[in-house]
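Raw entry.tsv, TSV, C-alpha atoms:
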```tsv
chain	number	residue	atom	x	y	z
E	11	MET	CA	-24.77	72.49	-12.16
E	12	PHE	CA	-27.73	70.34	-11.12
E	13	GLU	CA	-25.53	67.31	-11.23
E	14	MET	CA	-23.09	68.94	-8.83
E	15	LEU	CA	-25.89	69.82	-6.45
E	16	SER	CA	-27.32	66.33	-6.62
E	17	ASP	CA	-23.85	64.92	-5.90
E	18	VAL	CA	-23.55	67.14	-2.83
E	19	PHE	CA	-26.92	65.86	-1.63
E	20	LYS	CA	-25.99	62.25	-2.24
E	21	GLU	CA	-22.67	62.55	-0.47
E	22	ASN	CA	-24.25	64.24	2.55
E	23	GLY	CA	-27.43	62.22	2.83
E	24	LEU	CA	-27.88	62.44	6.57
E	25	ILE	CA	-27.17	66.18	6.61
E	26	LEU	CA	-29.64	66.74	3.80
E	27	SER	CA	-32.29	64.90	5.78
E	28	PHE	CA	-31.65	67.12	8.85
E	29	ALA	CA	-32.23	70.16	6.62
E	30	LEU	CA	-35.24	68.62	4.90
E	31	VAL	CA	-37.00	67.53	8.10
E	32	GLY	CA	-36.38	70.97	9.60
E	33	VAL	CA	-38.00	72.65	6.60
E	34	VAL	CA	-40.97	70.27	6.69
E	35	MET	CA	-41.39	70.94	10.41
E	36	TYR	CA	-41.16	74.71	9.95
E	37	PHE	CA	-43.99	74.74	7.45
E	38	SER	CA	-46.02	72.19	9.40
E	39	TYR	CA	-45.84	74.27	12.59
E	40	LEU	CA	-46.61	77.43	10.60
E	41	PHE	CA	-49.63	75.71	9.06
E	42	SER	CA	-50.68	74.44	12.50
E	43	ASP	CA	-50.48	77.95	13.98
E	44	LYS	CA	-52.03	80.00	11.22
E	45	LEU	CA	-54.62	77.70	9.71
E	46	THR	CA	-55.71	75.40	12.54
E	47	LYS	CA	-54.89	77.80	15.42
E	48	GLY	CA	-52.80	75.05	17.01
E	49	ARG	CA	-55.73	72.64	17.15
E	50	LEU	CA	-53.91	70.21	14.88
E	51	HIS	CA	-50.42	69.76	16.35
E	52	GLY	CA	-47.52	70.75	14.10
E	53	SER	CA	-45.78	67.42	14.54
E	54	ALA	CA	-48.99	65.60	13.56
E	55	ILE	CA	-49.02	67.54	10.31
E	56	ALA	CA	-45.31	66.89	9.77
E	57	ILE	CA	-45.83	63.14	10.29
E	58	ILE	CA	-48.69	63.13	7.78
E	59	VAL	CA	-46.48	65.02	5.30
E	60	GLY	CA	-43.80	62.39	5.93
E	61	LEU	CA	-46.25	59.57	5.22
E	62	VAL	CA	-47.44	61.27	2.02
E	63	LEU	CA	-43.81	61.64	0.88
E	64	ALA	CA	-43.29	57.97	1.75
E	65	TYR	CA	-46.27	57.04	-0.42
E	66	ILE	CA	-44.88	59.09	-3.31
E	67	GLY	CA	-41.52	57.39	-2.85
E	68	GLY	CA	-43.19	53.99	-2.89
E	69	VAL	CA	-45.22	54.72	-6.03
E	70	THR	CA	-42.30	56.14	-8.00
E	71	THR	CA	-39.69	53.52	-7.11
E	72	GLY	CA	-41.75	50.45	-6.21
E	73	GLY	CA	-39.48	50.00	-3.18
E	74	GLU	CA	-40.40	49.35	0.42
E	75	LYS	CA	-38.55	52.19	2.13
E	76	GLY	CA	-40.73	55.12	1.15
E	77	LEU	CA	-38.95	58.37	0.34
E	78	SER	CA	-35.54	56.93	1.20
E	79	ASP	CA	-35.69	54.70	-1.91
E	80	ILE	CA	-35.28	57.81	-4.05
E	81	GLY	CA	-31.55	58.29	-4.72
E	82	ILE	CA	-30.90	61.68	-3.16
E	83	PHE	CA	-33.10	61.00	-0.11
E	84	THR	CA	-31.34	57.89	1.17
E	85	GLY	CA	-30.25	59.90	4.22
E	86	ILE	CA	-33.86	59.84	5.44
E	87	GLY	CA	-33.41	56.10	5.79
E	88	LEU	CA	-30.49	56.67	8.16
E	89	MET	CA	-32.12	59.47	10.14
E	90	GLY	CA	-35.46	57.67	10.51
E	91	GLY	CA	-34.01	54.16	10.61
E	92	GLY	CA	-34.13	51.79	13.51
E	93	MET	CA	-30.80	52.78	15.07
E	94	LEU	CA	-31.34	56.53	15.51
E	95	ARG	CA	-35.04	56.04	16.22
E	96	ASP	CA	-34.33	53.69	19.11
E	97	PHE	CA	-31.53	55.95	20.36
E	98	ALA	CA	-33.88	58.93	20.47
E	99	ILE	CA	-36.65	56.86	22.08
E	100	VAL	CA	-34.27	55.75	24.84
E	101	ALA	CA	-33.24	59.40	25.31
E	102	THR	CA	-36.87	60.39	25.95
E	103	ALA	CA	-36.76	58.19	29.06
E	104	PHE	CA	-34.51	60.89	30.53
E	105	GLY	CA	-37.63	62.82	31.50
E	106	ALA	CA	-39.60	59.80	32.71
E	107	ASN	CA	-40.66	59.38	36.31
E	108	ILE	CA	-39.78	56.07	37.98
E	109	GLU	CA	-42.74	56.28	40.34
E	110	GLU	CA	-45.18	56.45	37.43
E	111	ILE	CA	-43.60	53.42	35.82
E	112	LYS	CA	-43.71	51.44	39.06
E	113	LYS	CA	-47.33	52.38	39.68
E	114	ALA	CA	-48.48	51.25	36.25
E	115	GLY	CA	-46.11	48.30	35.87
E	116	PHE	CA	-48.70	45.59	36.31
E	117	THR	CA	-51.28	47.32	34.12
E	118	GLY	CA	-48.59	47.69	31.47
E	119	VAL	CA	-47.85	43.96	31.42
E	120	LEU	CA	-51.56	43.18	31.32
E	121	SER	CA	-52.09	45.58	28.42
E	122	LEU	CA	-49.27	43.88	26.50
E	123	PHE	CA	-50.87	40.44	26.69
E	124	LEU	CA	-54.33	41.79	25.99
E	125	GLY	CA	-53.00	43.92	23.13
E	126	VAL	CA	-51.40	40.97	21.33
E	127	VAL	CA	-54.45	38.73	21.80
E	128	VAL	CA	-57.01	41.36	20.78
E	129	SER	CA	-55.21	42.38	17.58
E	130	PHE	CA	-54.66	38.70	16.77
E	131	VAL	CA	-58.33	37.82	17.22
E	132	VAL	CA	-59.44	40.81	15.14
E	133	GLY	CA	-57.04	39.79	12.36
E	134	VAL	CA	-58.27	36.18	12.42
E	135	ALA	CA	-61.91	37.31	12.33
E	136	ILE	CA	-61.33	39.56	9.30
E	137	ALA	CA	-59.36	36.81	7.54
E	138	LEU	CA	-62.28	34.40	8.17
E	139	ALA	CA	-64.70	36.94	6.73
E	140	PHE	CA	-62.54	37.05	3.58
E	141	GLY	CA	-62.76	33.29	3.17
E	142	TYR	CA	-59.56	31.99	4.74
E	143	THR	CA	-60.26	28.82	6.73
E	144	ASP	CA	-56.91	27.07	7.32
E	145	ALA	CA	-55.25	27.56	10.68
E	146	VAL	CA	-51.84	28.53	9.23
E	147	SER	CA	-53.18	31.40	7.10
E	148	LEU	CA	-55.52	32.59	9.85
E	149	THR	CA	-52.72	32.60	12.41
E	150	THR	CA	-50.32	34.41	10.07
E	151	ILE	CA	-52.81	37.16	9.22
E	152	GLY	CA	-53.76	37.48	12.89
E	153	ALA	CA	-50.08	37.75	13.81
E	154	GLY	CA	-49.48	40.38	11.13
E	155	THR	CA	-52.37	42.39	12.49
E	156	ALA	CA	-50.44	42.51	15.79
E	157	THR	CA	-47.36	44.00	14.09
E	158	TYR	CA	-45.79	43.72	10.67
E	159	ILE	CA	-42.81	41.94	12.19
E	160	VAL	CA	-44.80	39.28	14.03
E	161	GLY	CA	-46.67	38.39	10.79
E	162	PRO	CA	-43.72	37.24	8.68
E	163	VAL	CA	-41.94	35.67	11.67
E	164	THR	CA	-45.02	33.57	12.41
E	165	GLY	CA	-45.82	32.87	8.76
E	166	THR	CA	-42.28	31.67	8.08
E	167	ALA	CA	-42.31	29.47	11.17
E	168	LEU	CA	-45.64	27.87	10.21
E	169	GLY	CA	-44.93	27.64	6.48
E	170	ALA	CA	-47.63	30.03	5.27
E	171	SER	CA	-47.82	31.00	1.59
E	172	SER	CA	-45.93	34.15	0.53
E	173	GLU	CA	-49.25	35.73	-0.50
E	174	VAL	CA	-50.56	35.36	3.05
E	175	ILE	CA	-47.30	36.63	4.54
E	176	THR	CA	-47.47	39.72	2.32
E	177	LEU	CA	-51.04	40.30	3.45
E	178	SER	CA	-50.02	39.98	7.08
E	179	ILE	CA	-47.26	42.57	6.65
E	180	ALA	CA	-49.70	44.95	4.95
E	181	ALA	CA	-52.21	44.57	7.81
E	182	GLY	CA	-49.49	45.46	10.34
E	183	LEU	CA	-48.42	48.46	8.25
E	184	VAL	CA	-51.98	49.75	8.12
E	185	LYS	CA	-52.19	49.44	11.90
E	186	SER	CA	-48.90	51.25	12.38
E	187	ILE	CA	-49.75	54.11	10.03
E	188	LEU	CA	-53.27	54.59	11.38
E	189	THR	CA	-51.88	54.68	14.93
E	190	MET	CA	-49.41	57.38	13.86
E	191	ILE	CA	-52.09	59.53	12.25
E	192	GLY	CA	-55.03	58.76	14.50
E	193	THR	CA	-53.57	58.99	18.03
E	194	PRO	CA	-53.69	62.80	18.37
E	195	PHE	CA	-57.31	62.83	17.22
E	196	ILE	CA	-58.56	60.04	19.48
E	197	ALA	CA	-56.44	60.95	22.54
E	198	LYS	CA	-58.99	63.11	24.34
E	199	TYR	CA	-61.77	60.57	23.88
E	200	ILE	CA	-59.82	57.70	25.44
E	201	GLY	CA	-58.23	59.68	28.28
E	202	LEU	CA	-54.74	59.53	26.81
E	203	ASP	CA	-53.27	62.40	28.80
E	204	ASN	CA	-51.28	60.85	31.65
E	205	PRO	CA	-48.33	58.47	32.05
E	206	ARG	CA	-50.55	55.59	33.17
E	207	SER	CA	-52.79	55.61	30.11
E	208	ALA	CA	-49.71	56.09	27.89
E	209	ILE	CA	-48.19	52.91	29.34
E	210	VAL	CA	-51.46	51.09	28.65
E	211	TYR	CA	-51.59	52.62	25.17
E	212	GLY	CA	-48.12	51.35	24.28
E	213	GLY	CA	-49.04	47.86	25.42
E	214	LEU	CA	-52.36	47.73	23.60
E	215	MET	CA	-51.24	49.24	20.27
E	216	GLY	CA	-47.81	47.63	20.28
E	217	THR	CA	-46.46	49.09	17.05
E	218	THR	CA	-43.34	50.98	18.14
E	219	SER	CA	-43.36	53.30	15.12
E	220	GLY	CA	-47.08	53.90	15.46
E	221	VAL	CA	-46.97	54.62	19.18
E	222	ALA	CA	-43.76	56.66	18.87
E	223	GLY	CA	-45.21	58.82	16.10
E	224	GLY	CA	-48.72	59.01	17.53
E	225	LEU	CA	-47.66	60.07	21.01
E	226	ALA	CA	-45.13	62.56	19.63
E	227	ALA	CA	-47.98	64.28	17.86
E	228	THR	CA	-50.22	64.12	20.93
E	229	ASP	CA	-47.94	65.11	23.82
E	230	PRO	CA	-44.18	64.44	23.73
E	231	LYS	CA	-44.18	64.05	27.53
E	232	LEU	CA	-46.12	60.78	27.12
E	233	VAL	CA	-43.63	59.26	24.66
E	234	PRO	CA	-41.31	57.46	27.10
E	235	TYR	CA	-44.18	55.71	28.88
E	236	GLY	CA	-45.87	54.47	25.73
E	237	ALA	CA	-42.67	53.56	23.93
E	238	MET	CA	-41.37	51.58	26.89
E	239	THR	CA	-44.23	49.07	26.83
E	240	ALA	CA	-44.60	49.07	23.05
E	241	THR	CA	-41.07	47.79	22.56
E	242	PHE	CA	-41.95	44.58	24.40
E	243	TYR	CA	-44.95	43.91	22.19
E	244	THR	CA	-43.22	42.57	19.08
E	245	GLY	CA	-41.15	40.15	21.16
E	246	LEU	CA	-44.23	38.95	23.00
E	247	GLY	CA	-46.11	38.60	19.72
E	248	CYS	CA	-43.28	36.57	18.15
E	249	LEU	CA	-43.41	34.37	21.23
E	250	MET	CA	-47.18	33.86	21.41
E	251	ALA	CA	-48.39	33.80	17.80
E	252	PRO	CA	-46.54	30.74	16.44
E	253	SER	CA	-47.04	28.81	19.68
E	254	ILE	CA	-50.06	29.16	21.94
E	255	LEU	CA	-52.15	31.33	19.61
E	256	PHE	CA	-51.52	28.93	16.70
E	257	ILE	CA	-52.46	25.92	18.85
E	258	ILE	CA	-55.71	27.57	19.91
E	259	THR	CA	-56.52	28.62	16.34
E	260	ARG	CA	-55.80	25.10	15.06
E	261	SER	CA	-58.00	23.51	17.70
E	262	ILE	CA	-60.91	25.74	16.67
E	263	PHE	CA	-60.51	25.74	12.87
E	264	GLY	CA	-58.74	22.41	12.35
Z	24	MET	CA	-12.71	66.30	36.53
Z	25	LYS	CA	-13.91	68.19	33.48
Z	26	SER	CA	-17.56	67.81	32.57
Z	27	LEU	CA	-18.31	67.09	28.92
Z	28	VAL	CA	-21.45	66.81	26.82
Z	29	ILE	CA	-20.19	63.53	25.41
Z	30	TYR	CA	-20.47	61.85	28.82
Z	31	GLY	CA	-24.25	62.15	28.62
Z	32	VAL	CA	-24.26	60.75	25.09
Z	33	THR	CA	-21.97	57.94	26.23
Z	34	LEU	CA	-24.31	57.10	29.09
Z	35	LEU	CA	-27.20	56.99	26.63
Z	36	ALA	CA	-25.24	54.83	24.19
Z	37	LEU	CA	-24.17	52.39	26.89
Z	38	CYS	CA	-27.77	52.06	28.10
Z	39	MET	CA	-28.98	51.35	24.58
Z	40	LEU	CA	-26.25	48.81	23.88
Z	41	ALA	CA	-26.92	47.06	27.18
Z	42	GLY	CA	-30.67	47.02	26.48
Z	43	ALA	CA	-30.21	45.69	22.95
Z	44	PHE	CA	-27.91	42.96	24.24
Z	45	ILE	CA	-30.28	41.90	27.02
Z	46	GLY	CA	-33.20	42.00	24.57
Z	47	ASP	CA	-31.37	39.72	22.13
Z	48	LEU	CA	-30.36	37.43	24.97
Z	49	LEU	CA	-33.96	37.24	26.14
Z	50	GLY	CA	-35.13	36.42	22.62
Z	51	ASN	CA	-32.50	33.74	22.37
Z	52	ILE	CA	-33.49	32.16	25.68
Z	53	LEU	CA	-37.14	32.16	24.61
Z	54	GLY	CA	-36.16	30.63	21.28
Z	55	ILE	CA	-37.49	33.41	19.05
Z	56	GLU	CA	-35.66	35.42	16.45
Z	57	ALA	CA	-36.56	38.81	17.83
Z	58	ASN	CA	-35.25	41.35	20.25
Z	59	VAL	CA	-37.52	41.18	23.28
Z	60	GLY	CA	-38.01	44.67	24.67
Z	61	GLY	CA	-34.43	45.83	24.14
Z	62	VAL	CA	-35.41	49.48	23.87
Z	63	GLY	CA	-37.72	49.25	26.86
Z	64	ILE	CA	-34.99	47.64	28.95
Z	65	ALA	CA	-32.54	50.34	27.83
Z	66	MET	CA	-35.04	52.99	28.94
Z	67	LEU	CA	-35.41	51.38	32.35
Z	68	ILE	CA	-31.64	51.22	32.76
Z	69	LEU	CA	-31.34	54.89	31.77
Z	70	VAL	CA	-34.08	55.96	34.19
Z	71	LEU	CA	-32.41	54.06	37.04
Z	72	ALA	CA	-28.92	55.29	36.11
Z	73	VAL	CA	-30.02	58.93	35.88
Z	74	ASP	CA	-31.83	58.64	39.21
Z	75	HIS	CA	-28.75	57.12	40.85
Z	76	LEU	CA	-26.33	59.68	39.37
Z	77	LYS	CA	-28.58	62.59	40.25
Z	78	LYS	CA	-28.78	61.48	43.87
Z	79	LYS	CA	-25.00	61.27	44.00
Z	80	LYS	CA	-24.81	64.64	42.24
Z	81	LYS	CA	-22.63	63.07	39.56
Z	82	LEU	CA	-24.79	64.11	36.64
Z	83	THR	CA	-23.61	67.54	35.55
Z	84	VAL	CA	-25.65	69.99	33.52
Z	85	LYS	CA	-23.30	69.44	30.57
Z	86	SER	CA	-23.81	65.67	30.62
Z	87	GLN	CA	-27.55	66.16	30.84
Z	88	GLU	CA	-27.38	68.33	27.71
Z	89	GLY	CA	-25.97	65.36	25.82
Z	90	VAL	CA	-29.04	63.27	26.61
Z	91	ALA	CA	-31.46	66.18	26.25
Z	92	PHE	CA	-30.26	66.87	22.72
Z	93	TRP	CA	-31.15	63.39	21.52
Z	94	SER	CA	-34.41	63.53	23.39
Z	95	ALA	CA	-35.21	66.78	21.56
Z	96	MET	CA	-34.25	65.19	18.22
Z	97	TYR	CA	-36.92	62.58	18.82
Z	98	ILE	CA	-39.74	64.28	16.92
Z	99	PRO	CA	-37.63	65.14	13.84
Z	100	ILE	CA	-36.38	61.55	13.79
Z	101	VAL	CA	-39.95	60.26	14.01
Z	102	ILE	CA	-40.87	62.45	11.04
Z	103	ALA	CA	-37.99	60.97	9.05
Z	104	MET	CA	-39.24	57.55	10.18
Z	105	ALA	CA	-42.70	58.37	8.83
Z	106	ALA	CA	-41.15	59.37	5.50
Z	107	GLN	CA	-39.64	55.93	5.04
Z	108	GLN	CA	-42.65	53.78	5.94
Z	109	ASN	CA	-43.98	51.41	3.33
Z	110	VAL	CA	-47.23	53.37	2.92
Z	111	PHE	CA	-47.61	52.20	-0.66
Z	112	GLY	CA	-47.32	48.58	0.46
Z	113	ALA	CA	-49.94	49.09	3.16
Z	114	ILE	CA	-52.49	50.52	0.74
Z	115	ASP	CA	-51.51	48.00	-1.91
Z	116	GLY	CA	-52.40	45.20	0.54
Z	117	GLY	CA	-56.03	45.52	-0.45
Z	118	PRO	CA	-59.26	45.48	1.56
Z	119	LEU	CA	-58.41	42.55	3.85
Z	120	ALA	CA	-55.18	44.13	5.09
Z	121	ILE	CA	-56.71	47.58	5.44
Z	122	LEU	CA	-59.80	46.31	7.25
Z	123	ALA	CA	-57.76	44.11	9.62
Z	124	GLY	CA	-55.39	46.95	10.48
Z	125	VAL	CA	-58.15	49.52	10.94
Z	126	ALA	CA	-60.33	47.18	13.03
Z	127	ALA	CA	-57.39	46.23	15.29
Z	128	VAL	CA	-56.63	49.90	15.93
Z	129	PHE	CA	-60.23	50.82	16.77
Z	130	VAL	CA	-60.77	47.85	19.07
Z	131	SER	CA	-57.47	48.61	20.86
Z	132	TRP	CA	-58.45	52.27	21.22
Z	133	ALA	CA	-61.71	51.23	22.83
Z	134	LEU	CA	-59.81	49.20	25.44
Z	135	VAL	CA	-57.51	52.03	26.56
Z	136	PRO	CA	-59.95	53.68	29.01
Z	137	LEU	CA	-60.95	50.30	30.48
Z	138	LEU	CA	-57.38	49.19	31.19
Z	139	SER	CA	-56.26	52.62	32.39
Z	140	LYS	CA	-58.79	52.36	35.19
Z	141	ILE	CA	-57.28	49.17	36.63
Z	142	GLY	CA	-55.55	49.86	39.92
Z	143	LYS	CA	-56.14	53.56	39.58
Z	144	GLU	CA	-58.32	54.03	42.68
Z	145	LYS	CA	-55.41	53.57	45.11
Z	146	GLN	CA	-53.63	56.87	44.77
Z	147	ASN	CA	-54.70	60.46	44.74
Z	148	THR	CA	-55.13	60.22	40.99
Z	149	MET	CA	-58.47	61.97	41.22
Z	150	SER	CA	-56.65	65.28	41.19
Z	151	ASP	CA	-54.61	64.15	38.20
Z	152	GLU	CA	-57.82	63.46	36.39
Z	153	LEU	CA	-59.10	66.89	37.21
Z	154	ILE	CA	-55.96	68.50	35.87
Z	155	GLY	CA	-56.26	66.47	32.68
Z	156	GLY	CA	-59.91	67.40	32.44
Z	157	SER	CA	-59.38	71.11	32.68
Z	158	ASP	CA	-56.61	70.84	30.09
Z	159	HIS	CA	-59.13	69.45	27.68
Z	160	VAL	CA	-61.50	72.29	28.32
Z	161	ARG	CA	-58.71	74.68	27.47
Z	162	ASP	CA	-57.93	72.73	24.32
Z	163	ALA	CA	-61.54	72.92	23.22
Z	164	LYS	CA	-61.52	76.69	23.43
```

Would it be possible to restate this file's structure as structure tokens?
Amino acid sequence: MFEMLSDVFKENGLILSFALVGVVMYFSYLFSDKLTKGRLHGSAIAIIVGLVLAYIGGVTTGGEKGLSDIGIFTGIGLMGGGMLRDFAIVATAFGANIEEIKKAGFTGVLSLFLGVVVSFVVGVAIALAFGYTDAVSLTTIGAGTATYIVGPVTGTALGASSEVITLSIAAGLVKSILTMIGTPFIAKYIGLDNPRSAIVYGGLMGTTSGVAGGLAATDPKLVPYGAMTATFYTGLGCLMAPSILFIITRSIFG
Amino acid sequence: MKSLVIYGVTLLALCMLAGAFIGDLLGNILGIEANVGGVGIAMLILVLAVDHLKKKKKLTVKSQEGVAFWSAMYIPIVIAMAAQQNVFGAIDGGPLAILAGVAAVFVSWALVPLLSKIGKEKQNTMSDELIGGSDHVRDAK
């Protein structure tokens, strides 16, 4: 009986995940309404529930794909994977206003460069504080602090040790997850309530998942603006970290 | 000609494929193994295409539904995305990784208001600010 049910789930992974996410959202919105009187947005709660489930998945399987590493939940990997995520992000641009994008275009580009450099410098500083002194390790950890993709790309290019590369990925993951959880809470304090600041936000934070999740839980209308700049960040980071940022780091720390 | 929901989805798909291709091309030209802004480029193409089609009155309500559906599926998809993050790996990274990630987020947050101000004086954004402000007051209640 249970085996049959589990087979049905396994064969219809994507469909199961539609059902599962719907149920999680129903209870999250109910919780948001009844217990926080809407102060904590339902989607923020649902994202936190998702992250908790991902942690449980990681602990029980030792894999890297959260809940989707558990046999019957592989459909979550498809639903929340890069392909559908990017498709849905592009679709949100349907409601975006060209004038807003044009107005904030320059600020958006500026925020991208500043965002990569600031996260890099913070990462290098923390790595220094933990006793790393060689330019390759410092650069790799700084790059990973930008995003968890820039870290390994840079580390591999510079020949960093696998221990350092793993650290750099973890730093980027922490940034991404904190952005997802923290954005709705910090939004009102940093004026994140209009397209312009959302464009800046995407450029400064840079993690597509973090910005996508964080803005969804803050105000879905801001998503296209933030996501648009954020998707340039990883490319820019992969461009700058192993080249100019490495050269500067090497000239300072030898 | 008959109007179909799939036309909207097709438009969306074509925009994404074009963006992904241009992003890969850009990465290739720059000599890095990454897609440079593919999704962002796709979004720009979609915004321009929708604007163009709307002006020509070629974008029917049915076609718009095809795009709107995927736009509405965004939050559920993001929740599924959250459920497959490597949260265990992030926490397992130890104090250095956690501190670096947390510090980067807080410093970046602090910069948002500063950068948002740049070039803002030009327009009548004062009223926008007021609207945002009163929204917050309502939220607080």

- Ala113 in chain Z proximity check over E:Asp203, E:Glu74, E:Asp79, E:Asp96, using only C-alpha atoms: winner is E:Glu74

- Task: For Leu40 in chain Z, please output as a list in words all residues within 12 Å (counting all atoms listed in the file; exclusion window: fewer than 6 positions along the same chain).
- Result: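 Selected residues are Met93, Asp96, Phe97 and Val100 of chain E; Thr33, Leu34, Gly46, Asp47, Gly61, Val62, Gly63, Ile64, Ala65, Met66, Ile68 and Leu69 of chain Z.
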
Only C-alpha atoms, please: the residues just picked out, written as a PDB file, in the coordinates of the input.
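Writing done, so here's part_30.pdb:
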```pdb
ATOM      1  CA  MET E  93     -30.800  52.780  15.070  1.00  0.00           C
ATOM      2  CA  ASP E  96     -34.330  53.690  19.110  1.00  0.00           C
ATOM      3  CA  PHE E  97     -31.530  55.950  20.360  1.00  0.00           C
ATOM      4  CA  VAL E 100     -34.270  55.750  24.840  1.00  0.00           C
TER       5      VAL E 100
ATOM      6  CA  THR Z  33     -21.970  57.940  26.230  1.00  0.00           C
ATOM      7  CA  LEU Z  34     -24.310  57.100  29.090  1.00  0.00           C
ATOM      8  CA  GLY Z  46     -33.200  42.000  24.570  1.00  0.00           C
ATOM      9  CA  ASP Z  47     -31.370  39.720  22.130  1.00  0.00           C
ATOM     10  CA  GLY Z  61     -34.430  45.830  24.140  1.00  0.00           C
ATOM     11  CA  VAL Z  62     -35.410  49.480  23.870  1.00  0.00           C
ATOM     12  CA  GLY Z  63     -37.720  49.250  26.860  1.00  0.00           C
ATOM     13  CA  ILE Z  64     -34.990  47.640  28.950  1.00  0.00           C
ATOM     14  CA  ALA Z  65     -32.540  50.340  27.830  1.00  0.00           C
ATOM     15  CA  MET Z  66     -35.040  52.990  28.940  1.00  0.00           C
ATOM     16  CA  ILE Z  68     -31.640  51.220  32.760  1.00  0.00           C
ATOM     17  CA  LEU Z  69     -31.340  54.890  31.770  1.00  0.00           C
TER      18      LEU Z  69
END
```

- Message: Report, in Å to a single decimal, how far apart CA of Tyr36 in chain E and CA of Thr228 in chain E are.
- Response: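 Atom-to-atom, CA of Thr228 in chain E and CA of Tyr36 in chain E are spaced 17.7 Å apart.
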
- Compile the contact shell of range 119-129 of chain E as number ranges by chain: residues with an atom at most 8 Å away, counting all atoms listed in the file, same-chain residues fewer than 2 positions apart removed. E: 115-117, 131-133, 152-153, 155-156, 210-216, 239-240, 242-243, 246-247; Z: 127-128, 130-131, 138

- Using only C-alpha atoms: which of E:Ser178, E:Phe83, E:Glu13, E:Ala64 has the shortest distance to Ala29 in chain E: E:Phe83

- Task: Have a look at CA of Ser171 in chain E and CA of Gly117 in chain Z and let me know their distance in Å, one decimal.
- Result: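 Interatomic distance, CA of Ser171 in chain E to CA of Gly117 in chain Z: 16.8 Å.
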
- Message: Need the shell around Leu188 in chain E: protein/DNA/RNA residues with any atom at most 9 Å away, counting all atoms listed in the file. Skip same-chain ones fewer than 4 positions apart. Format as a list in words?
- Response: Leu183, Val184, Gly192, Thr193, Gly220 and Gly224 of chain E; Gly124, Val125 and Val128 of chain Z

- Query: Using only C-alpha atoms, which of E:Thr217, E:Asn22, E:Asn204, E:Thr176 sits nearest Met190 in chain E?
  - Reply: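 For Met190 in chain E, the nearest of the candidates is E:Thr217.
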
- Message: Need the shell around Ala120 in chain Z: protein/DNA/RNA residues with any atom at most 6 Å away, counting only C-alpha atoms. Skip same-chain ones fewer than 2 positions apart. Format as a list in words?
- Response: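 Listed by chain and then number, they are Leu177, Ala180 and Ala181 of chain E; Gly116, Gly117, Pro118, Leu122 and Ala123 of chain Z.
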